[in-house]
>>> print(open('data.csv').read())   # CSV, C-alpha atoms
chain,number,residue,atom,x,y,z
A,1,MET,CA,8.5,230.1,195.7
A,2,SER,CA,5.6,228.3,197.3
A,3,TRP,CA,7.9,226.4,199.6
A,4,LEU,CA,9.0,229.7,201.1
A,5,ARG,CA,5.5,230.9,201.7
A,6,GLY,CA,4.7,227.7,203.5
A,7,VAL,CA,7.4,228.4,206.1
A,8,THR,CA,5.8,229.8,209.3
A,9,SER,CA,8.6,230.5,211.7
A,10,ALA,CA,7.8,232.8,214.6
A,11,VAL,CA,11.0,234.7,214.1
A,12,LEU,CA,10.7,237.5,211.6
A,13,SER,CA,13.8,238.7,209.8
A,14,SER,CA,14.6,242.0,211.3
A,15,THR,CA,16.8,243.2,208.4
A,16,ALA,CA,14.7,244.3,205.3
A,17,ARG,CA,16.5,242.9,202.3
A,18,GLY,CA,15.9,243.8,198.6
A,19,VAL,CA,12.6,244.2,196.9
A,20,PHE,CA,11.1,240.8,197.6
A,21,SER,CA,7.9,241.9,199.2
A,22,GLN,CA,6.7,238.6,200.5
A,23,ARG,CA,9.4,238.4,203.0
A,24,PRO,CA,9.7,234.7,204.1
A,25,LYS,CA,9.7,234.3,207.8
A,26,LEU,CA,13.3,233.1,208.3
A,27,PRO,CA,16.0,234.6,210.4
A,28,ALA,CA,18.3,236.6,208.1
A,29,ARG,CA,21.4,234.7,209.3
A,30,MET,CA,20.0,231.3,208.3
A,31,LEU,CA,20.8,231.8,204.7
A,32,SER,CA,24.0,233.2,203.3
A,33,ASN,CA,24.3,236.6,201.6
A,34,ALA,CA,24.8,234.9,198.3
A,35,ILE,CA,21.5,233.0,198.7
A,36,TRP,CA,19.6,236.2,199.7
A,37,ASP,CA,21.0,238.0,196.7
A,38,THR,CA,19.8,235.2,194.4
A,39,ILE,CA,16.4,235.3,196.0
A,40,ASP,CA,16.1,239.1,195.6
A,41,ARG,CA,17.3,238.9,192.0
A,42,THR,CA,15.3,236.0,190.8
A,43,ALA,CA,12.2,235.9,193.0
A,44,GLY,CA,9.0,236.3,191.0
A,45,THR,CA,10.9,235.6,187.8
A,46,ALA,CA,9.0,232.4,187.1
A,47,GLN,CA,6.3,234.6,185.5
A,48,LYS,CA,8.9,236.4,183.4
A,49,GLN,CA,9.6,235.5,179.8
A,50,ASN,CA,13.2,234.5,180.2
A,51,PRO,CA,14.0,233.4,183.7
A,52,PRO,CA,17.7,232.7,184.2
A,53,THR,CA,18.5,229.1,183.8
A,54,PRO,CA,20.2,227.1,186.5
A,55,ASP,CA,23.4,227.1,184.4
A,56,GLU,CA,23.3,230.9,184.2
A,57,LEU,CA,22.7,231.3,187.9
A,58,TRP,CA,25.5,228.9,188.6
A,59,ALA,CA,27.9,230.7,186.3
A,60,GLU,CA,26.9,234.1,187.8
A,61,ARG,CA,27.5,232.9,191.3
A,62,SER,CA,30.7,231.1,190.4
A,63,ARG,CA,32.0,234.3,188.9
A,64,SER,CA,31.4,236.5,191.8
A,65,ALA,CA,32.1,234.1,194.6
A,66,THR,CA,35.0,234.8,197.0
A,67,PHE,CA,36.5,232.2,199.2
A,68,ASN,CA,38.2,232.6,202.5
A,69,PRO,CA,41.8,231.4,202.8
A,70,PRO,CA,42.3,228.0,204.4
A,71,ALA,CA,41.9,227.9,208.1
A,72,ASP,CA,44.8,227.8,210.5
A,73,PRO,CA,44.8,227.1,214.3
A,74,TYR,CA,44.0,230.8,215.0
A,75,THR,CA,41.2,231.4,212.5
A,76,GLY,CA,38.6,231.1,215.3
A,77,ARG,CA,40.3,233.8,217.3
A,78,ARG,CA,40.8,236.2,214.5
A,79,VAL,CA,38.7,239.3,214.2
A,80,PHE,CA,38.7,241.6,211.1
A,81,VAL,CA,38.4,245.3,211.9
A,82,ASN,CA,35.4,247.1,210.4
A,83,GLY,CA,36.6,250.6,210.9
A,84,ASP,CA,36.1,250.6,214.7
A,85,LEU,CA,39.1,249.1,216.6
A,86,SER,CA,37.4,249.2,220.0
A,87,GLU,CA,34.5,247.2,218.6
A,88,ALA,CA,36.9,244.7,217.2
A,89,PHE,CA,38.6,244.3,220.6
A,90,ARG,CA,35.2,243.8,222.2
A,91,ARG,CA,34.3,241.2,219.6
A,92,LEU,CA,37.5,239.3,220.2
A,93,GLN,CA,37.0,239.5,224.0
A,94,THR,CA,33.4,238.2,223.6
A,95,ARG,CA,34.6,235.3,221.5
A,96,LEU,CA,37.3,234.4,224.1
A,97,ARG,CA,34.9,234.7,227.0
A,98,ARG,CA,32.3,232.6,225.3
A,99,ASN,CA,34.9,229.8,224.7
A,100,ARG,CA,36.4,230.2,228.2
A,101,VAL,CA,39.9,230.5,226.7
A,102,MET,CA,41.4,232.3,229.8
A,103,GLN,CA,40.2,229.7,232.2
A,104,GLU,CA,41.6,227.0,229.9
A,105,VAL,CA,45.0,228.7,229.8
A,106,SER,CA,45.2,229.2,233.5
A,107,ARG,CA,44.2,225.6,234.1
A,108,GLN,CA,46.9,224.3,231.8
A,109,ARG,CA,49.6,226.3,233.5
A,110,ARG,CA,49.8,223.7,236.3
A,111,HIS,CA,49.1,220.0,236.1
A,112,GLU,CA,45.8,219.0,237.6
A,113,LYS,CA,45.8,215.6,239.2
A,114,LYS,CA,43.2,213.0,238.3
A,115,GLY,CA,41.3,213.3,241.5
A,116,VAL,CA,41.2,217.1,241.4
A,117,LYS,CA,40.1,217.0,237.8
A,118,ARG,CA,37.3,214.5,238.6
A,119,ARG,CA,36.0,216.6,241.5
A,120,ARG,CA,36.1,219.8,239.4
A,121,LEU,CA,34.2,218.2,236.5
A,122,SER,CA,31.6,216.7,238.9
A,123,SER,CA,31.1,220.1,240.5
A,124,GLU,CA,30.8,221.9,237.2
A,125,ARG,CA,28.3,219.4,235.9
A,126,TRP,CA,26.1,219.6,239.0
A,127,ARG,CA,26.2,223.4,238.9
A,128,ARG,CA,25.2,223.4,235.2
A,129,MET,CA,22.3,221.0,235.8
A,130,PHE,CA,21.2,223.0,238.8
A,131,ALA,CA,21.3,226.3,236.9
A,132,ASN,CA,19.4,224.7,234.0
A,133,GLU,CA,16.6,223.4,236.3
A,134,VAL,CA,16.3,226.8,238.0
A,135,ARG,CA,16.1,228.5,234.6
A,136,LYS,CA,13.4,226.2,233.5
A,137,LYS,CA,11.4,226.8,236.7
A,138,VAL,CA,11.7,230.5,236.4
A,139,GLN,CA,10.6,230.5,232.8
A,140,LEU,CA,7.6,228.4,233.8
A,141,VAL,CA,6.7,230.8,236.5
A,142,SER,CA,7.0,233.8,234.2
A,143,THR,CA,4.8,232.1,231.5
A,144,ILE,CA,2.1,231.3,234.1
A,145,ARG,CA,2.3,234.9,235.4
A,146,ARG,CA,2.0,236.3,231.9
A,147,ARG,CA,-1.1,234.3,231.0
A,148,GLY,CA,-2.7,235.0,234.4
A,149,ALA,CA,-2.2,232.8,237.4
A,150,TYR,CA,-5.9,232.1,237.9
B,151,MET,CA,37.3,224.3,184.2
B,152,GLN,CA,40.0,226.9,184.5
B,153,ARG,CA,38.7,230.3,185.8
B,154,GLU,CA,40.4,233.5,184.7
B,155,PRO,CA,41.6,235.6,187.7
B,156,LYS,CA,39.1,238.1,188.9
B,157,LYS,CA,40.0,241.6,187.9
B,158,ASP,CA,37.4,243.5,189.9
B,159,ILE,CA,38.7,242.2,193.3
B,160,ALA,CA,41.6,244.3,194.5
B,161,GLU,CA,44.7,242.6,195.8
B,162,ARG,CA,44.7,243.1,199.6
B,163,SER,CA,48.1,244.3,200.9
B,164,LYS,CA,49.8,242.0,203.4
B,165,PRO,CA,49.8,243.5,206.9
B,166,TYR,CA,52.8,244.2,209.2
B,167,HIS,CA,52.6,242.2,212.4
B,168,LEU,CA,52.6,243.7,215.9
B,169,HIS,CA,53.1,240.9,218.3
B,170,VAL,CA,52.1,241.6,221.9
B,171,TYR,CA,53.4,238.9,224.3
B,172,THR,CA,52.3,239.4,227.9
B,173,THR,CA,52.9,237.2,230.9
B,174,HIS,CA,52.5,237.7,234.6
B,175,ASN,CA,56.1,238.7,234.8
B,176,ASN,CA,56.8,240.7,231.7
B,177,CYS,CA,55.6,242.3,228.5
B,178,ARG,CA,57.1,242.3,225.0
B,179,VAL,CA,56.0,244.1,221.9
B,180,VAL,CA,57.6,243.2,218.5
B,181,PHE,CA,57.0,244.9,215.2
B,182,THR,CA,57.8,242.8,212.1
B,183,TYR,CA,57.4,243.0,208.3
B,184,PRO,CA,54.7,241.0,206.5
B,185,SER,CA,57.3,238.2,206.0
B,186,GLY,CA,57.9,238.0,209.7
B,187,LYS,CA,61.3,239.6,209.6
B,188,LEU,CA,62.0,241.9,212.6
B,189,VAL,CA,61.9,245.6,211.8
B,190,LYS,CA,65.0,247.5,212.8
B,191,ASN,CA,64.7,248.8,216.4
B,192,GLY,CA,61.3,247.1,216.4
B,193,TRP,CA,61.1,245.4,219.7
B,194,TRP,CA,60.4,246.7,223.2
B,195,THR,CA,60.1,244.9,226.5
B,196,SER,CA,59.3,246.1,230.0
B,197,GLY,CA,63.0,245.9,230.9
B,198,SER,CA,64.1,247.9,227.9
B,199,CYS,CA,61.6,250.6,228.9
B,200,GLY,CA,63.3,251.0,232.2
B,201,PHE,CA,61.2,248.9,234.5
B,202,LYS,CA,62.8,246.4,236.9
B,203,GLY,CA,61.7,243.4,238.8
B,204,ALA,CA,58.0,243.4,239.8
B,205,ASN,CA,57.3,246.5,237.9
B,206,LYS,CA,58.0,244.7,234.6
B,207,SER,CA,54.6,243.1,234.8
B,208,SER,CA,52.7,246.3,235.6
B,209,TYR,CA,50.1,248.1,233.5
B,210,GLU,CA,52.4,251.1,233.0
B,211,ALA,CA,55.2,249.0,231.6
B,212,GLY,CA,52.8,247.6,228.9
B,213,TYR,CA,51.6,251.1,228.1
B,214,GLN,CA,55.2,252.3,227.7
B,215,CYS,CA,56.1,249.5,225.4
B,216,ALA,CA,53.0,250.3,223.3
B,217,VAL,CA,53.8,254.0,223.1
B,218,ARG,CA,57.3,253.4,221.8
B,219,ALA,CA,56.0,250.8,219.4
B,220,PHE,CA,53.5,253.3,218.0
B,221,LYS,CA,56.3,255.8,217.4
B,222,ARG,CA,58.2,253.3,215.4
B,223,VAL,CA,55.1,252.3,213.4
B,224,GLU,CA,54.5,255.9,212.5
B,225,GLU,CA,58.1,256.1,211.3
B,226,GLU,CA,57.5,253.1,209.1
B,227,ILE,CA,54.3,254.5,207.7
B,228,ALA,CA,56.0,257.8,206.8
B,229,ARG,CA,58.9,256.0,205.2
B,230,PRO,CA,58.3,252.3,204.4
B,231,ASN,CA,61.5,250.3,204.1
B,232,PHE,CA,60.9,248.4,200.8
B,233,LYS,CA,64.4,246.9,200.9
B,234,ASP,CA,63.6,244.7,203.9
B,235,GLY,CA,60.2,243.7,202.7
B,236,GLY,CA,58.0,246.7,203.6
B,237,VAL,CA,54.8,247.5,201.6
B,238,SER,CA,53.4,250.9,200.9
B,239,PRO,CA,49.9,251.1,202.5
B,240,VAL,CA,51.1,250.0,205.9
B,241,THR,CA,48.4,247.9,207.6
B,242,LEU,CA,48.8,246.3,211.0
B,243,ALA,CA,47.8,242.9,212.3
B,244,LEU,CA,47.7,242.8,216.1
B,245,LYS,CA,48.6,239.4,217.6
B,246,PHE,CA,48.1,239.0,221.3
B,247,LYS,CA,49.7,236.2,223.2
B,248,GLY,CA,49.1,235.7,226.9
B,249,PHE,CA,46.8,237.4,229.3
B,250,GLY,CA,49.0,239.6,231.4
B,251,TRP,CA,48.3,243.2,232.5
B,252,GLY,CA,50.2,244.5,229.5
B,253,ARG,CA,47.6,243.2,227.1
B,254,GLU,CA,44.9,245.5,228.3
B,255,ALA,CA,47.4,248.3,228.5
B,256,VAL,CA,48.3,248.0,224.8
B,257,GLN,CA,44.6,247.9,223.9
B,258,LYS,CA,43.9,251.0,225.9
B,259,ALA,CA,47.0,252.7,224.4
B,260,PHE,CA,45.5,252.3,220.9
B,261,MET,CA,42.3,254.1,222.0
B,262,THR,CA,44.1,257.1,223.5
B,263,SER,CA,45.7,260.0,221.7
B,264,GLU,CA,49.0,258.1,221.4
B,265,GLY,CA,47.5,255.8,218.9
B,266,ASP,CA,45.6,258.4,216.8
B,267,ASN,CA,47.7,257.9,213.7
B,268,ILE,CA,47.9,254.1,214.0
B,269,ARG,CA,44.4,253.1,214.8
B,270,ALA,CA,43.1,253.3,211.2
B,271,SER,CA,45.8,251.0,209.9
B,272,VAL,CA,44.8,248.0,212.0
B,273,VAL,CA,43.0,245.5,209.9
B,274,VAL,CA,42.9,242.3,211.9
B,275,VAL,CA,43.1,241.5,215.7
B,276,GLU,CA,44.1,238.0,216.7
B,277,ASP,CA,44.7,236.0,219.8
B,278,ARG,CA,47.5,233.6,219.6
B,279,THR,CA,47.7,232.3,223.1
B,280,PRO,CA,49.0,228.7,222.9
B,281,ILE,CA,46.4,226.2,224.0
B,282,LYS,CA,47.4,222.6,224.5
B,283,ILE,CA,45.2,219.8,223.4
B,284,GLY,CA,46.5,217.0,225.6
B,285,GLY,CA,50.2,217.9,225.3
B,286,THR,CA,53.1,217.7,227.7
B,287,ARG,CA,52.5,217.6,231.4
B,288,ALA,CA,52.8,220.9,233.2
B,289,LYS,CA,54.6,221.4,236.5
B,290,LYS,CA,52.8,220.3,239.6
B,291,ALA,CA,50.3,222.6,241.3
B,292,ARG,CA,51.8,225.0,243.8
B,293,ARG,CA,50.9,224.3,247.4
B,294,LEU,CA,50.7,227.7,249.1
>>> encode(input="data.csv", output="structure tokens")
Amino acid sequence: MSWLRGVTSAVLSSTARGVFSQRPKLPARMLSNAIWDTIDRTAGTAQKQNPPTPDELWAERSRSATFNPPADPYTGRRVFVNGDLSEAFRRLQTRLRRNRVMQEVSRQRRHEKKGVKRRRLSSERWRRMFANEVRKKVQLVSTIRRRGAY
Amino acid sequence: MQREPKKDIAERSKPYHLHVYTTHNNCRVVFTYPSGKLVKNGWWTSGSCGFKGANKSSYEAGYQCAVRAFKRVEEEIARPNFKDGGVSPVTLALKFKGFGWGREAVQKAFMTSEGDNIRASVVVVEDRTPIKIGGTRAKKARRL
């Protein structure tokens, strides 16, 4: 596992998983659940007498793997309820808002002529660039302030 | 390599569908079996709930549709109609289409006391608003 110890990412995994004490500094969502389980189960086994062979690991994972059904046009806007219905509604709304679905639908209701569309896109692009520049300047100012201006 | 079917993973029951179609003029709630077949007395619209004209698009109309739908769903939970394709643990899949006022009304109705018996059966919430990718040309923009 030396390649894991060599990883020095600033982000520490906030969710403690398994008994692997030398927690590699990777965000928990970077690797799937199956991979974390394999790491927990097999980490430090190189020193053991009979470490599981790759074939055994493969067979184990293949046996317990579950696959999602094939995607349809609404898979991205489908939210499975984990007990809390209001939380599921909120998750769906967040997903719709992040992808600007409502704006898209209201824009498609009426035809947008080519000049109108061109002007809207140009305005959106400018506002996006402007907001980006302002955000960068503000971040710069806050880093300077944090480290001491003088 | 042929894999034998997993015995430890339980078969998930197919959910009934509750379609909620809201526009800026109306609201329609439809309750169907897992196959898609309409449940008997399983549809409610703002007009069928007694609202007329502009009131059909109101929040209250959506709420009324939802309340009547919940009552029918409770009936189905109590006595599943196996003949027409019902399944015994009645689970619900909510499918929203459109962004009218009725949509939020139905969501709120679930969280109130009207939906106490139904809330636990919902397993999946989906948005099915049709989105064109290219597609046919819409009507021209209104000049107000």
>>> closest_atom_pairs(input="data.csv", of="chain A", to="chain B", cutoff="8 Å", atoms="all atoms listed in the file", output="Markdown table")
| residue | atom | partner | partner_atom | distance |
| --- | --- | --- | --- | --- |
| A:Tyr74 | CA | B:Arg278 | CA | 6.4 |
| A:Arg77 | CA | B:Asp277 | CA | 5.5 |
| A:Arg78 | CA | B:Glu276 | CA | 4.4 |
| A:Val79 | CA | B:Val275 | CA | 5.1 |
| A:Phe80 | CA | B:Val274 | CA | 4.3 |
| A:Val81 | CA | B:Val273 | CA | 5.0 |
| A:Asn82 | CA | B:Val273 | CA | 7.8 |
| A:Gly83 | CA | B:Ala270 | CA | 7.0 |
| A:Leu85 | CA | B:Arg269 | CA | 6.9 |
| A:Ser86 | CA | B:Met261 | CA | 7.2 |
| A:Ala88 | CA | B:Val275 | CA | 7.1 |
| A:Phe89 | CA | B:Val275 | CA | 7.2 |
| A:Leu92 | CA | B:Val275 | CA | 7.5 |
| A:Met102 | CA | B:Phe249 | CA | 7.4 |
| A:Glu104 | CA | B:Ile281 | CA | 7.6 |
| A:Val105 | CA | B:Ile281 | CA | 6.5 |
| A:Gln108 | CA | B:Ala288 | CA | 7.0 |
| A:Arg109 | CA | B:Ala288 | CA | 6.3 |
| A:Arg110 | CA | B:Ala288 | CA | 5.1 |
| A:His111 | CA | B:Ala288 | CA | 4.8 |
| A:Glu112 | CA | B:Ala291 | CA | 6.8 |
>>> atom_distance(input="data.csv", atom1="CA of Lys221 (chain B)", atom2="CA of Thr75 (chain A)")
29.1 Å
>>> residues_around(input="data.csv", residues="region 185-192 of chain B", least_positions_apart="5", cutoff="9 Å", atoms="only C-alpha atoms", output="ChimeraX atom specification")
/B:164,166-167,179-180,219,222-223,234-236
>>> write_last_selection(input="data.csv", atoms="C-alpha atoms", output="PDB file, keeping the file's coordinate frame")
ATOM      1  CA  LYS B 164      49.800 242.000 203.400  1.00  0.00           C
ATOM      2  CA  TYR B 166      52.800 244.200 209.200  1.00  0.00           C
ATOM      3  CA  HIS B 167      52.600 242.200 212.400  1.00  0.00           C
ATOM      4  CA  VAL B 179      56.000 244.100 221.900  1.00  0.00           C
ATOM      5  CA  VAL B 180      57.600 243.200 218.500  1.00  0.00           C
ATOM      6  CA  ALA B 219      56.000 250.800 219.400  1.00  0.00           C
ATOM      7  CA  ARG B 222      58.200 253.300 215.400  1.00  0.00           C
ATOM      8  CA  VAL B 223      55.100 252.300 213.400  1.00  0.00           C
ATOM      9  CA  ASP B 234      63.600 244.700 203.900  1.00  0.00           C
ATOM     10  CA  GLY B 235      60.200 243.700 202.700  1.00  0.00           C
ATOM     11  CA  GLY B 236      58.000 246.700 203.600  1.00  0.00           C
TER      12      GLY B 236
END
>>> residues_around(input="data.csv", residues="region 55-57 of chain A", least_positions_apart="5", cutoff="12 Å", atoms="all atoms listed in the file", output="PyMOL selection string")
chain A and resi 34-35+37-39+41-42+50+62-65
>>> atom_distance(input="data.csv", atom1="CA of His169 (chain B)", atom2="CA of Gly250 (chain B)")
13.8 Å
>>> atom_distance(input="data.csv", atom1="CA of Glu226 (chain B)", atom2="CA of Trp251 (chain B)")
27.0 Å
